[in-house]
Structures are given as structure tokens and as C-alpha cells.
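First up is the structure itself, then whatever we jot down about it.
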Amino acid sequence: MNTLSSAKLAAPAHQARPAMAAIVGFAAIAPAVLMMATAVASQLASQLQLGPVAIGNLFSAELGAMSLATLPAMFWLPRVNWRSAAWLAVLVFIAANLLSAITVSYPLLLSLRFVSALAGGSLMILCLSAAATLPNPDRAYGLWVMGQLALGAVGLLVMPTLFARFGIAACYISLALLMTLCAPLARCFPQGQQGAAPTHAPAASGPRRGRAALGIIATLAFYISLSGVWTFVGQIAVQSGIAPQQSGNIFAIATLLGVAGAGTASLIGRRLPRSRLLLAGFAMMMAAMLLLLHNPALARFATAALLFKFSWTFILPFILATLADIDHSGKLMNATNLVIGGGLAIGPALAGQLIAANGGSLHVLLLLATVVAALSLALLLALQTPRPTPAHA
């Protein structure tokens with residue numbers, strides 16, 4: 001481990017806690033529109049009379065911009081004070097959302113959503129990079145995931161009521177207000193590594209790049225597998241003859257299980273060997289995929305859906321913590337932001353092709369997704385390094 005990383009990992013708790021608050025707060029707000037996509041899409045269709053293509057383009061712009069924020073971050077992340085970058089992203093996010101609330105032009109709204117998501121993506125990169133510098137990144141990433149899911153669940157609960165009274169503006173104004181309340185936490189980010197001298201020997205860069213590449217492949221495989229299956233899990237319910245009301249109730253409960261999965265990961269943190277936690281999480285995820293085979297009845301479908309949602313949110317913090325162990329500079333975590341967006345886009349596209357090629361059957365998709373998840377697990381286990389057992393839990 002390099003000297004800079006060691007110094008950061010030794011940071012006292014009174015510095016780590018405010019940084020954790022900033023990470024959780026900003027990471028929850030930045031992707032909130034995507035987490036509330038179903039409610040927002042319905043309101044856009046009913047209020048603005050937007051068709052499926054127009055709505056799809058809006059959400060594609062949001063997801064694409066959050067992922068593409070990685071590209072400029074390759075330049076500014078190692079050079080700019082992270083606190084200054086956070087303040088700028090916060091201001092742009094607030095302005096773009098306030099303007100989104102009052103615009104009546106679809107092209108302008110599309111542009112504003114892109115700008116808002118670009119700022120949000122920059123904040124997500126800062127959160128991912130800052131979490132890697134904390135003493136317990138496993139716990140940090142667990143809270144990172146849990147905050148997003150919790151705010152998304154609350155949004156899905158309250159937004160329909162707000163939409164009925166204030167229209168789509170309620171969403172964008174709420175985001176601007178939440179970001180304004182969270183803005184003071186920008187000063188809690190680490191200052192970054194601008195101007196820091198290299199502290200590792202060039203000879204070590206080759207193995208580190210190789211490990212980073214394996215980590216990226218593992219993360220991409222994980223997201224392709226989970227997004228490919230979860231996108232079409234509703235179709236499995238339809239093919240199995242499960243009523244929409246029943247499947248809707250299951251998905252609502254699954255949202256809570258997702259929060260519980262991330263919360264469990266954050267509570268465990270580094271108390272147990274990460275390899276065992278990854279094995280347990282992936283075993284649950286792959287079992288859930290196999291339970292979805294052959295048109296499951298209601299009880300088996302519910303078990304699979306709930307287990308799937310719990311397991312992937314449980315796994316993700318440990319994947320991110322594995323990547324954080326490889327590189328504390330923030331560069332790998334920056335690239336991870338792009339990989340997450342890429343996996344979320346590639347998974348459904350490949351899954352759709354597989355379903356179409358197999359006459360509407362999801363059998364092959366579920367089997368291949370299980371194999372891809374197993375590949376991700378194998379790579380992640382290969383990246384684990386022995387860690388001394390802490391004296392205190």
C-alpha cells in the first residue's frame with residue numbers, strides 16, 4: 001500500500017464520519033430520478049403527453065450523462081481539489097433541476113436533464129473515490145448503496161401524491177431542495193490528490209493494471225448479469241400466470257429487501273472475510289436466477305425475486321471495496337462509474353436479443369446470466385488479498 005493511501009486509511013473517525021455523510025447524501029440524491037423512473041415516466045406521459053420514445057430518450061440522457069461524467073473526470077479528478085469540484089457540481093445540479101421544473105420545451109428539458117445528470121455523475125465519481133479512502137470502504141459502499149435505494153423507495157411512495165398536486169415540477173424542485181440541504185457536506189470530502197507525488201515504484205504498475213482490468217471485467221459481468229435478468233423479471237411473472245397486482249406487491253417488498261441487503265453489508269463491513277461474503281452473496285444471487293426457471297409458481301417466484309434483490313445489493317459494496325483495495329487514487333473508481341452505466345445498458349440489450357432468439361423463452365437468458373455471475377465471482381475471489389484479522393470488530 002502506498003504512503004498516501006496509508007495516511008488516509010489512518011484518518012481519525014471524526015474526519016471519516018463527515019466524509020461518510022457526504023458520500024451517502026450526495027450518492028442518494030444524484031441518481032434519484034433513475035431510482036424513481038417508473039413514477040416519473042408515468043407523470044411525463046400524462047402531463048406532458050410524451051410518447052415512449054421521448055420518455056426513453058430522457059432517461060437514456062440521464063443514464064448516459066451519469067456514465068459519461070467519467071470521461072472529463074479522467075482529467076480533473078487527479079488535478080482539482082475535490083471539495084471545489086463538489087461545490088461546482090452541486091451548483092450545476094441545483095440550477096439544472098430548477099430550470100427543468102419551469103421549462104415547457106422538450107428539447108430544452110432533454111438538454112437540462114443531460115446537464116443535471118452530468119453534474120450528478122461527477123458527484124457520484126467523487127463519492128466512489130472518497131469512499132475508497134475511508135478506513136472501512138466495505139461499510140462505506142454498503143451505506144452508499146443503501147442511501148440510493150432508500151431515497152428511491154421514499155420517492156416512489158411520495159411522488160405520486162406530489163405529482164397530483166404540483167405536477168412533474170415537484171420532482172425537480174425536490175431534487176434541487178435536497179441538494180441545497182446537502183450542499184454544506186461538500187466541505188467534508190477529502191481534498192483529493194492534486195499535486196501528489198507518485199509513491200509507488202513503476203515496476204508495480206504492471207501488476208496493478210492487470211488487477212484493475214480484472215476488477216473492471218468482474219464488475220461489468222456482475223452488472224450485465226443482474227440487469228439482464230431484473231429487467232425482464234416482470235415478463236417471467238406474466239409467463240408464469242402471476243397477476244400484476246401480486247407481482248407488483250412482490251416488487252414493492254423486494255425494494256425493502258434491497259435496502260436490507262445493502263444495510264446488512266454495511267453492518268458487517270470488514271468483520272468477516274470478504275471472500276466468504278462474496279461467496280454467500282453470489283450463491284444467493286445465482287440460486288435466485290435458477291429458481292426463476294420453468295415458469296415458477298407464485299411462492300417460488302416471490303422467493304426468487306426477494307432473494308435476487310437482497311443478494312445483489314449485498315454483493316455490490318464488497319465488489320466496490322475490492323476495487324478500492326487495488327487503487328486508492330480514485331482513477332479506478334472513476335472508471336467504475338462508466339462500467340456500471342455500461343453494464344446497465346448492455347445487460348438488457350443482450351437479454352432482449354436472447355429472448356427474441358429463443359421465441360420469447362427466458363430459459364437460456366437465466367442460464368447464461370448464472371454463468372456470467374459465476375465468472376464475476378471467480379474474478380473477484382482471485383483479486384482478494386489476505387487481510388490481518390482486526391483486533392476489535
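Letters for chains follow the order of the C-alpha cells (A, B, ...), residue numbers begin at 1 for each chain, and ligand numbers begin at 1 in the order shown.
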Q.
Which residues are close to range 281-290 of chain A, i.e. within 10 Å by only C-alpha atoms, leaving aside same-chain residues fewer than 6 positions away? Reply as a VMD selection string.
A. chain A and resid 222 225 to 226 229 to 230 233 261 265 275 300 to 316 318 363 365 to 374 376 to 377
**Q.** Neighbour list for range 56-70 of chain A as a ChimeraX atom specification, cut-off 8 Å, only C-alpha atoms, skip fewer than 4 positions in-chain
**A.** /A:34,37,52,74,110,113-122,125,334-335,337-342
Q | Of the listed residues A:Ser84, A:Asn249, A:Ser266, A:Ser240, that which approaches Leu143 in chain A most closely, counting only C-alpha atoms | A |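 Closest candidate: A:Ser266.
Distances to Phe232 in chain A were evaluated for A:Ala351, A:Leu108, A:Leu379, A:Ala218 using only C-alpha atoms, and the minimum falls at A:Ala351.
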Q) How would you write, as a ChimeraX atom specification, the set of residues in range 8-135 of chain A that DSSP gives as helix (DSSP H, G or I)? A) /A:8-9,13-29,32-35,37-48,52-68,70-76,82-102,106-131
Atoms to include: C-alpha atoms. Write the selected residues as a short mmCIF file (atom, residue, chain, number, x, y, z; two decimals), in the first residue's frame.
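Heads up, here's the output in result-v3.cif:
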data_model
loop_
_atom_site.label_atom_id
_atom_site.label_comp_id
_atom_site.auth_asym_id
_atom_site.auth_seq_id
_atom_site.Cartn_x
_atom_site.Cartn_y
_atom_site.Cartn_z
CA LYS A 8 -5.72 8.33 4.50
CA LEU A 9 -6.65 4.98 5.90
CA ALA A 13 -13.01 8.73 12.99
CA HIS A 14 -14.02 12.37 13.45
CA GLN A 15 -12.85 13.01 9.86
CA ALA A 16 -14.28 9.79 8.42
CA ARG A 17 -17.82 10.30 9.73
CA PRO A 18 -18.46 13.65 7.98
CA ALA A 19 -16.98 12.23 4.78
CA MET A 20 -19.34 9.25 5.09
CA ALA A 21 -22.29 11.61 5.48
CA ALA A 22 -21.27 13.47 2.31
CA ILE A 23 -20.84 10.23 0.37
CA VAL A 24 -24.22 8.82 1.40
CA GLY A 25 -26.10 12.11 0.94
CA PHE A 26 -24.79 13.08 -2.48
CA ALA A 27 -24.86 9.49 -3.80
CA ALA A 28 -28.53 9.19 -2.81
CA ILE A 29 -29.65 12.42 -4.49
CA ALA A 32 -32.77 9.78 -7.68
CA VAL A 33 -34.61 10.33 -10.98
CA LEU A 34 -33.41 6.95 -12.25
CA MET A 35 -34.40 5.29 -8.97
CA ALA A 37 -38.09 6.11 -13.06
CA THR A 38 -41.48 4.37 -13.10
CA ALA A 39 -43.29 7.19 -11.29
CA VAL A 40 -41.51 9.94 -13.23
CA ALA A 41 -42.17 8.25 -16.59
CA SER A 42 -45.89 7.95 -15.85
CA GLN A 43 -46.11 11.62 -14.95
CA LEU A 44 -44.20 12.71 -18.06
CA ALA A 45 -46.61 10.71 -20.20
CA SER A 46 -49.80 12.04 -18.58
CA GLN A 47 -48.78 15.68 -18.02
CA LEU A 48 -46.52 16.47 -20.99
CA PRO A 52 -42.45 6.11 -25.17
CA VAL A 53 -39.61 7.21 -27.46
CA ALA A 54 -39.40 10.70 -25.96
CA ILE A 55 -39.54 9.36 -22.41
CA GLY A 56 -36.95 6.71 -23.23
CA ASN A 57 -34.64 9.37 -24.64
CA LEU A 58 -34.95 11.41 -21.45
CA PHE A 59 -33.90 8.51 -19.26
CA SER A 60 -31.19 7.47 -21.71
CA ALA A 61 -29.82 11.00 -21.47
CA GLU A 62 -29.81 10.76 -17.67
CA LEU A 63 -28.09 7.38 -17.57
CA GLY A 64 -25.72 8.24 -20.41
CA ALA A 65 -24.62 11.54 -18.88
CA MET A 66 -24.01 9.97 -15.47
CA SER A 67 -21.78 7.38 -17.13
CA LEU A 68 -20.06 9.84 -19.47
CA THR A 70 -16.22 9.55 -16.22
CA LEU A 71 -14.50 10.98 -19.30
CA PRO A 72 -13.91 14.57 -18.12
CA ALA A 73 -13.21 13.20 -14.62
CA MET A 74 -10.16 11.42 -16.02
CA PHE A 75 -8.67 14.86 -16.43
CA TRP A 76 -9.91 16.78 -13.40
CA TRP A 82 -12.35 17.53 -4.74
CA ARG A 83 -14.23 19.94 -2.48
CA SER A 84 -14.18 22.65 -5.14
CA ALA A 85 -15.34 20.14 -7.75
CA ALA A 86 -18.18 19.06 -5.45
CA TRP A 87 -19.35 22.66 -4.93
CA LEU A 88 -19.39 23.28 -8.70
CA ALA A 89 -21.29 20.05 -9.41
CA VAL A 90 -23.81 20.88 -6.66
CA LEU A 91 -24.48 24.35 -8.10
CA VAL A 92 -24.91 22.99 -11.64
CA PHE A 93 -27.21 20.21 -10.40
CA ILE A 94 -29.43 22.67 -8.49
CA ALA A 95 -29.63 25.12 -11.40
CA ALA A 96 -30.41 22.41 -13.98
CA ASN A 97 -33.20 20.96 -11.84
CA LEU A 98 -34.77 24.34 -11.09
CA LEU A 99 -34.77 25.16 -14.80
CA SER A 100 -36.20 21.69 -15.57
CA ALA A 101 -39.13 22.50 -13.29
CA ILE A 102 -40.18 25.53 -15.34
CA TYR A 106 -38.93 19.13 -24.72
CA PRO A 107 -35.54 19.75 -26.42
CA LEU A 108 -34.59 22.15 -23.62
CA LEU A 109 -35.77 19.65 -20.98
CA LEU A 110 -33.69 16.93 -22.64
CA SER A 111 -30.61 19.18 -22.53
CA LEU A 112 -31.21 20.17 -18.92
CA ARG A 113 -31.61 16.54 -17.83
CA PHE A 114 -28.31 15.74 -19.52
CA VAL A 115 -26.56 18.61 -17.71
CA SER A 116 -28.15 17.66 -14.38
CA ALA A 117 -27.06 14.03 -14.75
CA LEU A 118 -23.55 15.09 -15.80
CA ALA A 119 -23.25 17.04 -12.56
CA GLY A 120 -24.80 14.16 -10.64
CA GLY A 121 -22.41 11.71 -12.26
CA SER A 122 -19.47 13.89 -11.23
CA LEU A 123 -20.73 13.78 -7.64
CA MET A 124 -21.09 10.00 -7.88
CA ILE A 125 -17.46 9.74 -9.01
CA LEU A 126 -16.38 11.86 -6.05
CA CYS A 127 -18.42 9.66 -3.72
CA LEU A 128 -16.94 6.45 -5.12
CA SER A 129 -13.41 7.83 -4.97
CA ALA A 130 -13.80 9.32 -1.49
CA ALA A 131 -15.26 6.09 -0.10
#
Q: State, in Å with one decimal place, the distance from CA of Ala299 in chain A to CA of Ala237 in chain A.
A: 11.4 Å
Q.
Can you tell me which residues surround Ile216 in chain A at a distance of at most 9 Å, considering only C-alpha atoms, apart from same-chain residues fewer than 5 positions away, and format the answer as an NGL selection string?
A. :A and (211 or 221 or 323 or 332 or 335-336 or 339)
Q: Pick out the closest residue to Ile236 in chain A from this set: A:Asn295, A:Thr133, A:Thr385, A:Ser174. Count only C-alpha atoms.
A: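 Of the candidates, the smallest distance to Ile236 in chain A is held by A:Asn295.
For Ser247 in chain A, the set of protein, DNA and RNA residues having any atom at most 9 Å away, when counting only C-alpha atoms and skipping those fewer than 4 positions along the same chain, is Gly234, Ala237, Val238, Ile242, Ala243, Phe251, Ala252, Leu298, Phe301 and Ala302 of chain A.
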